[in-house]
>>> print(open('start.pdb').read())   # PDB, C-alpha atoms and all ligand atoms
ATOM      1  CA  MET A 117     -17.238  -0.769  -5.473
ATOM      2  CA  LEU A 118     -18.885   1.819  -7.702
ATOM      3  CA  ALA A 119     -21.484   0.497 -10.130
ATOM      4  CA  VAL A 120     -22.303   2.884 -12.969
ATOM      5  CA  LYS A 121     -24.331   1.126 -15.617
ATOM      6  CA  LEU A 122     -22.664   1.370 -19.001
ATOM      7  CA  THR A 123     -24.926   3.090 -21.530
ATOM      8  CA  ASP A 124     -26.658   0.894 -24.107
ATOM      9  CA  TYR A 125     -25.082   3.087 -26.780
ATOM     10  CA  TYR A 126     -21.506   2.309 -25.635
ATOM     11  CA  ARG A 127     -22.340  -1.368 -25.026
ATOM     12  CA  SER A 128     -23.378  -1.552 -28.681
ATOM     13  CA  LEU A 129     -19.878  -0.426 -29.734
ATOM     14  CA  ILE A 130     -18.155  -3.299 -27.930
ATOM     15  CA  ASP A 131     -17.309  -6.523 -29.752
ATOM     16  CA  TRP A 132     -18.375  -8.930 -27.007
ATOM     17  CA  SER A 133     -16.948 -11.903 -28.935
ATOM     18  CA  ASP A 134     -13.429 -10.444 -28.624
ATOM     19  CA  PRO A 135     -11.922 -11.017 -25.164
ATOM     20  CA  ALA A 136      -9.353  -8.285 -25.918
ATOM     21  CA  ASP A 137     -11.782  -5.680 -27.202
ATOM     22  CA  PRO A 138     -10.222  -2.293 -26.321
ATOM     23  CA  LEU A 139     -13.541  -0.630 -25.502
ATOM     24  CA  ALA A 140     -14.461  -3.468 -23.131
ATOM     25  CA  ARG A 141     -11.004  -3.271 -21.568
ATOM     26  CA  MET A 142     -11.611   0.379 -20.636
ATOM     27  CA  THR A 143     -15.013  -0.236 -19.085
ATOM     28  CA  GLN A 144     -15.272  -3.825 -17.799
ATOM     29  CA  PHE A 145     -13.875  -4.982 -14.462
ATOM     30  CA  SER A 146     -10.752  -7.171 -14.619
ATOM     31  CA  THR A 147      -9.238  -9.245 -11.813
ATOM     32  CA  ALA A 148      -5.946  -7.491 -12.716
ATOM     33  CA  GLU A 149      -7.358  -4.609 -10.661
ATOM     34  CA  TYR A 150      -6.573  -6.664  -7.538
ATOM     35  CA  SER A 151      -2.829  -6.669  -8.393
ATOM     36  CA  GLU A 152      -0.433  -4.313  -6.657
ATOM     37  CA  THR A 153       3.007  -3.171  -7.811
ATOM     38  CA  ALA A 154       5.925  -1.584  -5.975
ATOM     39  CA  GLU A 155       5.441   1.642  -7.959
ATOM     40  CA  ASP A 156       1.784   2.119  -7.017
ATOM     41  CA  CYS A 157       1.151   5.323  -5.158
ATOM     42  CA  PRO A 158      -1.890   4.522  -2.942
ATOM     43  CA  ASP A 159      -3.056   8.105  -2.722
ATOM     44  CA  SER A 160      -1.552   9.208  -6.017
ATOM     45  CA  ALA A 161      -4.267  11.674  -6.956
ATOM     46  CA  ASP A 162      -4.451  13.158  -3.461
ATOM     47  CA  VAL A 163      -0.678  13.515  -3.105
ATOM     48  CA  HIS A 164      -0.711  15.397  -6.391
ATOM     49  CA  LEU A 165      -3.394  17.724  -5.254
ATOM     50  CA  ALA A 166      -3.319  18.058  -1.451
ATOM     51  CA  GLU A 167      -1.088  21.101  -1.147
ATOM     52  CA  HIS A 168      -2.911  22.888  -3.951
ATOM     53  CA  ARG A 169      -6.386  22.227  -2.537
ATOM     54  CA  ILE A 170      -8.153  25.449  -1.625
ATOM     55  CA  SER A 171     -11.385  23.712  -0.669
ATOM     56  CA  ARG A 172     -13.126  20.376  -1.252
ATOM     57  CA  VAL A 173     -13.953  21.514  -4.782
ATOM     58  CA  LEU A 174     -11.230  24.017  -5.780
ATOM     59  CA  LEU A 175      -7.623  23.244  -6.724
ATOM     60  CA  HIS A 176      -5.077  25.963  -7.521
ATOM     61  CA  ARG A 177      -1.905  24.345  -8.763
ATOM     62  CA  TYR A 178      -0.627  26.595 -11.548
ATOM     63  CA  PRO A 179      -0.535  30.406 -11.283
ATOM     64  CA  ASP A 180      -2.826  31.116 -14.238
ATOM     65  CA  ARG A 181      -5.557  28.508 -13.843
ATOM     66  CA  ALA A 182      -7.672  26.760 -11.240
ATOM     67  CA  LEU A 183      -9.669  23.549 -11.350
ATOM     68  CA  LEU A 184     -13.207  23.118 -10.048
ATOM     69  CA  LEU A 185     -14.449  19.652  -9.084
ATOM     70  CA  THR A 186     -18.114  20.109  -9.906
ATOM     71  CA  THR A 187     -19.312  16.552  -9.225
ATOM     72  CA  SER A 188     -17.975  13.044  -8.633
ATOM     73  CA  ARG A 189     -20.555  11.508 -10.981
ATOM     74  CA  CYS A 190     -19.653  10.200 -14.456
ATOM     75  CA  ALA A 191     -21.380   8.577 -17.423
ATOM     76  CA  ALA A 192     -19.467   5.355 -16.805
ATOM     77  CA  HIS A 193     -16.707   3.916 -14.675
ATOM     78  CA  CYS A 194     -13.448   3.983 -16.636
ATOM     79  CA  ARG A 195     -11.399   1.210 -15.090
ATOM     80  CA  TYR A 196      -8.114   3.161 -15.466
ATOM     81  CA  CYS A 197      -9.465   6.318 -13.793
ATOM     82  CA  PHE A 198      -6.904   8.227 -11.734
ATOM     83  CA  ARG A 199      -9.681   9.682  -9.601
ATOM     84  CA  LYS A 200     -10.920   6.210  -8.772
ATOM     85  CA  ALA A 201     -11.006   6.777  -5.028
ATOM     86  CA  ARG A 202     -12.923  10.044  -5.236
ATOM     87  CA  ILE A 203     -15.369   8.683  -7.777
ATOM     88  CA  GLU A 204     -15.979   5.545  -5.713
ATOM     89  CA  GLN A 205     -16.589   7.575  -2.552
ATOM     90  CA  ARG A 206     -19.433   9.343  -4.388
ATOM     91  CA  GLU A 207     -18.698  12.784  -3.009
ATOM     92  CA  PRO A 208     -21.648  15.186  -3.320
ATOM     93  CA  ASP A 209     -21.923  17.723  -6.137
ATOM     94  CA  ILE A 210     -20.615  21.240  -5.554
ATOM     95  CA  SER A 211     -22.907  23.202  -3.205
ATOM     96  CA  ASP A 212     -24.018  26.838  -3.605
ATOM     97  CA  THR A 213     -21.729  27.878  -0.738
ATOM     98  CA  GLU A 214     -18.751  26.056  -2.233
ATOM     99  CA  LEU A 215     -19.432  27.686  -5.598
ATOM    100  CA  ALA A 216     -19.671  31.154  -4.052
ATOM    101  CA  ASP A 217     -16.400  30.596  -2.141
ATOM    102  CA  ALA A 218     -14.638  29.397  -5.324
ATOM    103  CA  VAL A 219     -15.869  32.414  -7.296
ATOM    104  CA  ALA A 220     -14.733  34.777  -4.494
ATOM    105  CA  TYR A 221     -11.287  33.126  -4.387
ATOM    106  CA  ILE A 222     -10.762  33.563  -8.123
ATOM    107  CA  ALA A 223     -12.272  37.054  -8.241
ATOM    108  CA  ALA A 224      -9.643  38.110  -5.688
ATOM    109  CA  ARG A 225      -6.730  36.748  -7.771
ATOM    110  CA  PRO A 226      -6.240  38.569 -11.096
ATOM    111  CA  LEU A 227      -3.392  36.231 -12.084
ATOM    112  CA  ILE A 228      -5.911  33.417 -12.628
ATOM    113  CA  ARG A 229      -6.926  33.525 -16.296
ATOM    114  CA  GLU A 230      -8.811  30.254 -16.639
ATOM    115  CA  ILE A 231     -11.221  28.093 -14.662
ATOM    116  CA  ILE A 232     -11.347  24.411 -15.593
ATOM    117  CA  LEU A 233     -14.625  22.615 -14.904
ATOM    118  CA  SER A 234     -13.827  19.014 -14.076
ATOM    119  CA  GLY A 235     -15.155  16.202 -11.884
ATOM    120  CA  GLY A 236     -16.109  13.370 -12.199
ATOM    121  CA  ASP A 237     -17.690  14.658 -15.330
ATOM    122  CA  PRO A 238     -19.329  18.113 -15.341
ATOM    123  CA  LEU A 239     -21.872  16.932 -17.916
ATOM    124  CA  ALA A 240     -23.330  14.675 -15.217
ATOM    125  CA  LEU A 241     -24.895  17.911 -13.910
ATOM    126  CA  ASP A 242     -28.055  19.132 -15.594
ATOM    127  CA  ASN A 243     -27.859  22.092 -17.968
ATOM    128  CA  ALA A 244     -29.491  24.546 -15.539
ATOM    129  CA  ARG A 245     -26.918  23.855 -12.799
ATOM    130  CA  LEU A 246     -24.044  23.940 -15.262
ATOM    131  CA  LEU A 247     -25.186  27.308 -16.581
ATOM    132  CA  GLU A 248     -25.374  28.690 -13.021
ATOM    133  CA  ILE A 249     -21.794  27.601 -12.424
ATOM    134  CA  ILE A 250     -20.485  28.916 -15.737
ATOM    135  CA  ARG A 251     -22.284  32.277 -15.435
ATOM    136  CA  ALA A 252     -20.944  32.780 -11.914
ATOM    137  CA  PHE A 253     -17.400  32.652 -13.302
ATOM    138  CA  ARG A 254     -18.271  34.622 -16.429
ATOM    139  CA  ARG A 255     -18.939  37.637 -14.171
ATOM    140  CA  ILE A 256     -15.236  37.787 -13.202
ATOM    141  CA  PRO A 257     -13.673  40.364 -15.567
ATOM    142  CA  HIS A 258     -10.101  39.019 -15.514
ATOM    143  CA  LEU A 259     -11.092  35.432 -16.338
ATOM    144  CA  ASP A 260     -10.261  34.866 -20.024
ATOM    145  CA  SER A 261     -11.371  31.276 -20.368
ATOM    146  CA  VAL A 262     -13.861  28.764 -19.020
ATOM    147  CA  ARG A 263     -12.749  25.267 -19.991
ATOM    148  CA  LEU A 264     -14.789  22.087 -19.550
ATOM    149  CA  HIS A 265     -13.392  18.532 -19.487
ATOM    150  CA  THR A 266     -15.705  15.648 -20.340
ATOM    151  CA  ARG A 267     -15.925  12.043 -21.508
ATOM    152  CA  PHE A 268     -19.721  12.098 -21.498
ATOM    153  CA  PRO A 269     -20.108  12.529 -25.310
ATOM    154  CA  VAL A 270     -18.149   9.285 -25.786
ATOM    155  CA  TYR A 271     -20.497   7.282 -23.567
ATOM    156  CA  GLN A 272     -23.691   9.136 -24.415
ATOM    157  CA  PRO A 273     -23.520  11.536 -27.394
ATOM    158  CA  ALA A 274     -27.196  12.425 -26.844
ATOM    159  CA  ARG A 275     -26.042  14.403 -23.775
ATOM    160  CA  CYS A 276     -24.836  17.062 -26.251
ATOM    161  CA  ASP A 277     -28.362  17.608 -27.602
ATOM    162  CA  GLY A 278     -29.644  20.955 -26.325
ATOM    163  CA  MET A 279     -26.198  21.997 -25.150
ATOM    164  CA  ALA A 280     -25.688  24.957 -27.503
ATOM    165  CA  GLU A 281     -26.321  27.517 -24.750
ATOM    166  CA  ILE A 282     -23.653  25.946 -22.581
ATOM    167  CA  ALA A 283     -21.200  25.641 -25.450
ATOM    168  CA  ALA A 284     -21.715  29.330 -26.231
ATOM    169  CA  GLN A 285     -20.794  30.255 -22.644
ATOM    170  CA  ILE A 286     -17.530  28.321 -22.496
ATOM    171  CA  ASP A 287     -14.334  28.821 -24.471
ATOM    172  CA  VAL A 288     -12.750  25.384 -24.644
ATOM    173  CA  LEU A 289     -14.237  21.886 -24.517
ATOM    174  CA  ILE A 290     -11.752  19.063 -23.985
ATOM    175  CA  VAL A 291     -13.167  15.621 -24.636
ATOM    176  CA  GLN A 292     -11.475  12.376 -23.705
ATOM    177  CA  VAL A 293     -11.486   9.919 -26.605
ATOM    178  CA  ASN A 294      -9.073   6.993 -26.310
ATOM    179  CA  HIS A 295      -9.836   4.847 -29.340
ATOM    180  CA  ALA A 296     -10.842   5.532 -32.956
ATOM    181  CA  ARG A 297     -13.910   3.300 -32.574
ATOM    182  CA  GLU A 298     -15.310   5.806 -30.068
ATOM    183  CA  VAL A 299     -15.563   8.346 -32.907
ATOM    184  CA  THR A 300     -18.897   7.132 -34.289
ATOM    185  CA  PRO A 301     -21.291   8.982 -36.625
ATOM    186  CA  ARG A 302     -23.435   9.760 -33.546
ATOM    187  CA  PHE A 303     -20.421  11.198 -31.701
ATOM    188  CA  MET A 304     -19.422  13.224 -34.788
ATOM    189  CA  ASP A 305     -22.949  14.662 -35.016
ATOM    190  CA  ALA A 306     -22.737  15.741 -31.396
ATOM    191  CA  MET A 307     -19.392  17.455 -31.966
ATOM    192  CA  ALA A 308     -20.637  19.116 -35.163
ATOM    193  CA  ARG A 309     -23.422  20.761 -33.142
ATOM    194  CA  LEU A 310     -20.955  22.181 -30.584
ATOM    195  CA  ARG A 311     -18.170  23.177 -32.979
ATOM    196  CA  PRO A 312     -19.709  26.525 -34.061
ATOM    197  CA  PHE A 313     -19.566  27.724 -30.442
ATOM    198  CA  VAL A 314     -16.451  26.374 -28.780
ATOM    199  CA  LEU A 315     -12.885  25.192 -29.444
ATOM    200  CA  LEU A 316     -12.751  21.386 -29.402
ATOM    201  CA  TYR A 317      -9.652  19.517 -28.216
ATOM    202  CA  ASN A 318      -8.982  15.946 -27.163
ATOM    203  CA  GLN A 319      -6.865  14.479 -24.422
ATOM    204  CA  SER A 320      -6.367  10.731 -24.409
ATOM    205  CA  VAL A 321      -4.906   8.408 -21.841
ATOM    206  CA  LEU A 322      -2.205   6.061 -23.135
ATOM    207  CA  LEU A 323      -3.550   2.619 -22.213
ATOM    208  CA  ARG A 324      -1.936  -0.764 -22.708
ATOM    209  CA  GLY A 325      -4.212  -3.017 -24.757
ATOM    210  CA  VAL A 326      -6.295  -0.057 -25.915
ATOM    211  CA  ASN A 327      -4.221   2.434 -27.884
ATOM    212  CA  ASP A 328      -0.571   1.438 -27.288
ATOM    213  CA  SER A 329       0.534   1.225 -30.915
ATOM    214  CA  VAL A 330       1.435   3.700 -33.656
ATOM    215  CA  ALA A 331      -1.453   2.358 -35.755
ATOM    216  CA  ALA A 332      -4.044   2.778 -32.979
ATOM    217  CA  LEU A 333      -2.882   6.294 -32.096
ATOM    218  CA  SER A 334      -2.645   7.372 -35.765
ATOM    219  CA  ASP A 335      -6.164   6.059 -36.406
ATOM    220  CA  LEU A 336      -7.362   7.944 -33.336
ATOM    221  CA  SER A 337      -5.807  11.237 -34.473
ATOM    222  CA  TRP A 338      -7.309  10.952 -37.962
ATOM    223  CA  ALA A 339     -10.716  10.040 -36.551
ATOM    224  CA  LEU A 340     -10.550  13.105 -34.307
ATOM    225  CA  ALA A 341      -9.567  15.254 -37.304
ATOM    226  CA  ARG A 342     -12.676  14.049 -39.154
ATOM    227  CA  ALA A 343     -14.741  15.087 -36.126
ATOM    228  CA  GLY A 344     -13.151  18.567 -36.094
ATOM    229  CA  ILE A 345     -11.271  17.930 -32.834
ATOM    230  CA  THR A 346      -7.584  18.746 -32.353
ATOM    231  CA  PRO A 347      -5.583  16.038 -30.538
ATOM    232  CA  CYS A 348      -3.856  17.805 -27.711
ATOM    233  CA  TYR A 349      -2.487  15.517 -24.991
ATOM    234  CA  LEU A 350      -1.685  11.847 -24.523
ATOM    235  CA  HIS A 351      -1.473  11.274 -20.771
ATOM    236  CA  TYR A 352       0.786   8.647 -19.270
ATOM    237  CA  PRO A 353      -1.411   7.034 -16.580
ATOM    238  CA  ASP A 354      -0.903   7.953 -12.929
ATOM    239  CA  LEU A 355       0.406   5.288 -10.549
ATOM    240  CA  VAL A 356      -3.014   4.476  -9.150
ATOM    241  CA  PRO A 357      -3.286   1.052  -7.444
ATOM    242  CA  GLY A 358      -5.198  -1.479  -9.500
ATOM    243  CA  THR A 359      -4.340   0.183 -12.822
ATOM    244  CA  ALA A 360      -0.800  -1.150 -13.468
ATOM    245  CA  HIS A 361      -2.135  -3.430 -16.230
ATOM    246  CA  PHE A 362      -2.931  -0.279 -18.214
ATOM    247  CA  ARG A 363       0.615   1.167 -17.975
ATOM    248  CA  LEU A 364       3.393   0.753 -20.544
ATOM    249  CA  PRO A 365       7.046   1.039 -19.488
ATOM    250  CA  LEU A 366       7.896   4.739 -19.699
ATOM    251  CA  ASP A 367      10.654   4.210 -22.281
ATOM    252  CA  GLN A 368       8.154   2.404 -24.553
ATOM    253  CA  ALA A 369       5.654   5.233 -24.121
ATOM    254  CA  ILE A 370       8.299   7.796 -25.100
ATOM    255  CA  ALA A 371       9.377   5.720 -28.117
ATOM    256  CA  LEU A 372       5.746   5.404 -29.216
ATOM    257  CA  ALA A 373       5.161   9.145 -28.993
ATOM    258  CA  GLY A 374       8.377   9.715 -30.985
ATOM    259  CA  ALA A 375       7.306   7.275 -33.689
ATOM    260  CA  LEU A 376       4.007   9.106 -34.061
ATOM    261  CA  ARG A 377       5.857  12.233 -35.144
ATOM    262  CA  GLY A 378       7.028  10.451 -38.284
ATOM    263  CA  GLN A 379       3.539   9.174 -39.085
ATOM    264  CA  LEU A 380       1.241  12.147 -38.618
ATOM    265  CA  PRO A 381       1.181  15.805 -39.612
ATOM    266  CA  GLY A 382       2.393  17.908 -36.697
ATOM    267  CA  TYR A 383      -1.068  19.270 -35.899
ATOM    268  CA  LEU A 384      -2.352  15.750 -35.249
ATOM    269  CA  VAL A 385       0.457  14.648 -32.906
ATOM    270  CA  PRO A 386      -0.595  14.763 -29.237
ATOM    271  CA  ARG A 387       2.032  15.600 -26.612
ATOM    272  CA  LEU A 388       2.896  12.791 -24.221
ATOM    273  CA  MET A 389       2.383  14.147 -20.707
ATOM    274  CA  LEU A 390       3.175  12.843 -17.233
ATOM    275  CA  ASP A 391       2.006  14.143 -13.873
ATOM    276  CA  ILE A 392       5.160  13.862 -11.748
ATOM    277  CA  PRO A 393       4.270  11.867  -8.596
ATOM    278  CA  GLY A 394       4.404  13.907  -5.411
ATOM    279  CA  GLY A 395       2.626  17.013  -6.669
ATOM    280  CA  TYR A 396       5.458  18.365  -8.854
ATOM    281  CA  GLY A 397       3.203  19.149 -11.820
ATOM    282  CA  LYS A 398       2.648  17.905 -15.353
ATOM    283  CA  ILE A 399       5.401  17.857 -17.968
ATOM    284  CA  ALA A 400       5.722  16.879 -21.603
ATOM    285  CA  LEU A 401       7.970  13.797 -21.753
ATOM    286  CA  GLU A 402      10.498  15.519 -24.028
ATOM    287  CA  ALA A 403      13.917  17.138 -23.563
ATOM    288  CA  PRO A 404      14.791  19.320 -21.723
ATOM    289  CA  ALA A 405      12.095  18.620 -19.071
ATOM    290  CA  CYS A 406      12.661  14.862 -19.320
ATOM    291  CA  GLN A 407      16.201  13.403 -19.310
ATOM    292  CA  ARG A 408      16.823   9.674 -19.454
ATOM    293  CA  ILE A 409      19.531   8.398 -17.051
ATOM    294  CA  ASP A 410      19.209   4.717 -17.934
ATOM    295  CA  ARG A 411      16.490   2.402 -19.238
ATOM    296  CA  GLN A 412      14.405   2.715 -16.073
ATOM    297  CA  THR A 413      15.483   6.016 -14.581
ATOM    298  CA  PHE A 414      14.456   9.480 -15.734
ATOM    299  CA  LEU A 415      15.125  12.970 -14.395
ATOM    300  CA  LEU A 416      12.005  15.084 -14.644
ATOM    301  CA  ARG A 417      12.101  18.873 -14.181
ATOM    302  CA  SER A 418       9.167  20.123 -12.119
ATOM    303  CA  PRO A 419       7.354  23.024 -13.823
ATOM    304  CA  LEU A 420       6.203  24.180 -10.375
ATOM    305  CA  THR A 421       9.402  24.111  -8.286
ATOM    306  CA  GLY A 422      12.183  23.754 -10.887
ATOM    307  CA  GLU A 423      13.507  20.707  -9.007
ATOM    308  CA  ALA A 424      14.856  17.672 -10.862
ATOM    309  CA  ILE A 425      12.851  14.668  -9.677
ATOM    310  CA  GLU A 426      14.129  11.123 -10.182
ATOM    311  CA  TYR A 427      11.452   8.828 -11.634
ATOM    312  CA  ARG A 428      12.080   5.060 -11.471
ATOM    313  CA  ASP A 429      10.033   3.040 -13.891
ATOM    314  CA  ALA A 430       8.741  -0.451 -13.159
ATOM    315  CA  GLU A 431      11.106  -3.425 -13.473
ATOM    316  CA  PRO A 432      10.721  -4.927 -16.942
ATOM    317  CA  ALA A 433       8.299  -7.886 -16.774
TER     318      ALA A 433
HETATM  319  S1  LIG A 501     -15.084   9.963 -17.040
HETATM  320 FE1  LIG A 501     -13.118  10.725 -16.291
HETATM  321  S2  LIG A 501     -13.401  11.026 -14.069
HETATM  322 FE2  LIG A 501     -15.095   9.718 -14.796
HETATM  323  S3  LIG A 501     -14.424   7.587 -14.454
HETATM  324 FE3  LIG A 501     -13.857   8.167 -16.570
HETATM  325  S4  LIG A 501     -11.738   8.955 -16.442
HETATM  326 FE4  LIG A 501     -12.617   8.938 -14.346
END
>>> encode(input="start.pdb", output="structure tokens", more="lines below")
Ligand code: SF4
Amino acid sequence: MLAVKLTDYYRSLIDWSDPADPLARMTQFSTAEYSETAEDCPDSADVHLAEHRISRVLLHRYPDRALLLTTSRCAAHCRYCFRKARIEQREPDISDTELADAVAYIAARPLIREIILSGGDPLALDNARLLEIIRAFRRIPHLDSVRLHTRFPVYQPARCDGMAEIAAQIDVLIVQVNHAREVTPRFMDAMARLRPFVLLYNQSVLLRGVNDSVAALSDLSWALARAGITPCYLHYPDLVPGTAHFRLPLDQAIALAGALRGQLPGYLVPRLMLDIPGGYGKIALEAPACQRIDRQTFLLRSPLTGEAIEYRDAEPA
């Protein structure tokens, strides 16, 4: 099992006297991780990605963007992580040859407008290596955007010190904040230093016991607004084994997202997204892409193939 020591900074945010503390729930091991459910998809992440995998580090799933897995290292081990298997296998960082091959692949495909730097967490790399990677893609004339996904600033805001040069070379920074208490003064300082250079968005994961209420999600959106970050997506968790205790029934998740619309200004309402199991792509859980058949059954329209995929939710507990 992977052991990434939680930063002292994040440990100081946890209320250790509260057995249900949401920040502890995201980061501390629970025996619920041993439980299996009928819906679990053992290789969920790989099934999603296998047919779109160009190399160990490059995924090309949508026509206009590609995803680069720069490292499998992270600032912490999020217990709900959908890349659990890859992170726990500790795959090596991207090599020079793999980077050159990825750049050549994208340079040869003018339809690709954006490269997404992901992981693990790209900010686990040092600034010099990150700049090499970013500059290699910046030399491709048809690439409009370099986007970077990270949760590092939540676990260790000091990682953003001295990052202005990187922020100036990328177009979009998407952080992953899941709870309002993660938006601390230290985190806000870090974001304030990056904001002059790059567009800041947030994508959260909808997690039972962490942010599964209108109040928690409203507080999160307002906290992000104070930090100058636009809430963008709220991801329904993938069906990764050992993470069922983090999942809400899909109909409850949809109702929650609907209730948020009445509580927040439109620009602070994140879109509830689901990655359709089997590699059919991500959709917003809204009509017309998502049609409810009955309480547990949904028809989801693949954005990649146009097929209608039946999605059966878990039996109610
Ligand atoms: S930072 Fe992201 S990739 Fe890393 S463990 Fe957390 S959710 Fe997974």
>>> closest_residue(input="start.pdb", among="A:Asp287, A:Asp237, A:Asp335, A:Asp156", to="ligand LIG 501 (chain A)", atoms="all atoms listed in the file")
A:Asp237
>>> residues_around(input="start.pdb", residues="region 265-278 of chain A", least_positions_apart="4", cutoff="8 Å", atoms="all atoms listed in the file", output="ChimeraX atom specification")
/A:122-123,125-126,190-192,232-234,237-240,289-293,298-299,302-303,306-307,309-310
>>> resolve_selection(input="start.pdb", expression="the PyMOL selection byres (((chain A and resi 155) around 12) and not hetatm)", output="list of chain:residue names")
A:Ser151, A:Glu152, A:Thr153, A:Ala154, A:Asp156, A:Cys157, A:Pro158, A:Asp159, A:Ser160, A:Asp354, A:Leu355, A:Val356, A:Pro357, A:Gly358, A:Thr359, A:Ala360, A:Arg363, A:Pro365, A:Pro393, A:Tyr427, A:Arg428, A:Asp429, A:Ala430, A:Glu431
>>> closest_residue(input="start.pdb", among="A:Gln144, A:Ser329, A:Ser171, A:Gln407", to="ligand LIG 501 (chain A)", atoms="all atoms listed in the file")
A:Gln144
>>> atom_distance(input="start.pdb", atom1="CA of Leu247 (chain A)", atom2="atom S1 of ligand LIG 501 (chain A)")
20.1 Å
>>> closest_residue(input="start.pdb", among="A:Leu185, A:Ile222, A:Val173, A:Met279", to="ligand LIG 501 (chain A)", atoms="all atoms listed in the file")
A:Leu185
>>> resolve_selection(input="start.pdb", expression="the PyMOL selection byres (((chain A and resi 376) around 10) and not hetatm)", output="ChimeraX atom specification")
/A:329-331,333-334,371-375,377-382,384-386
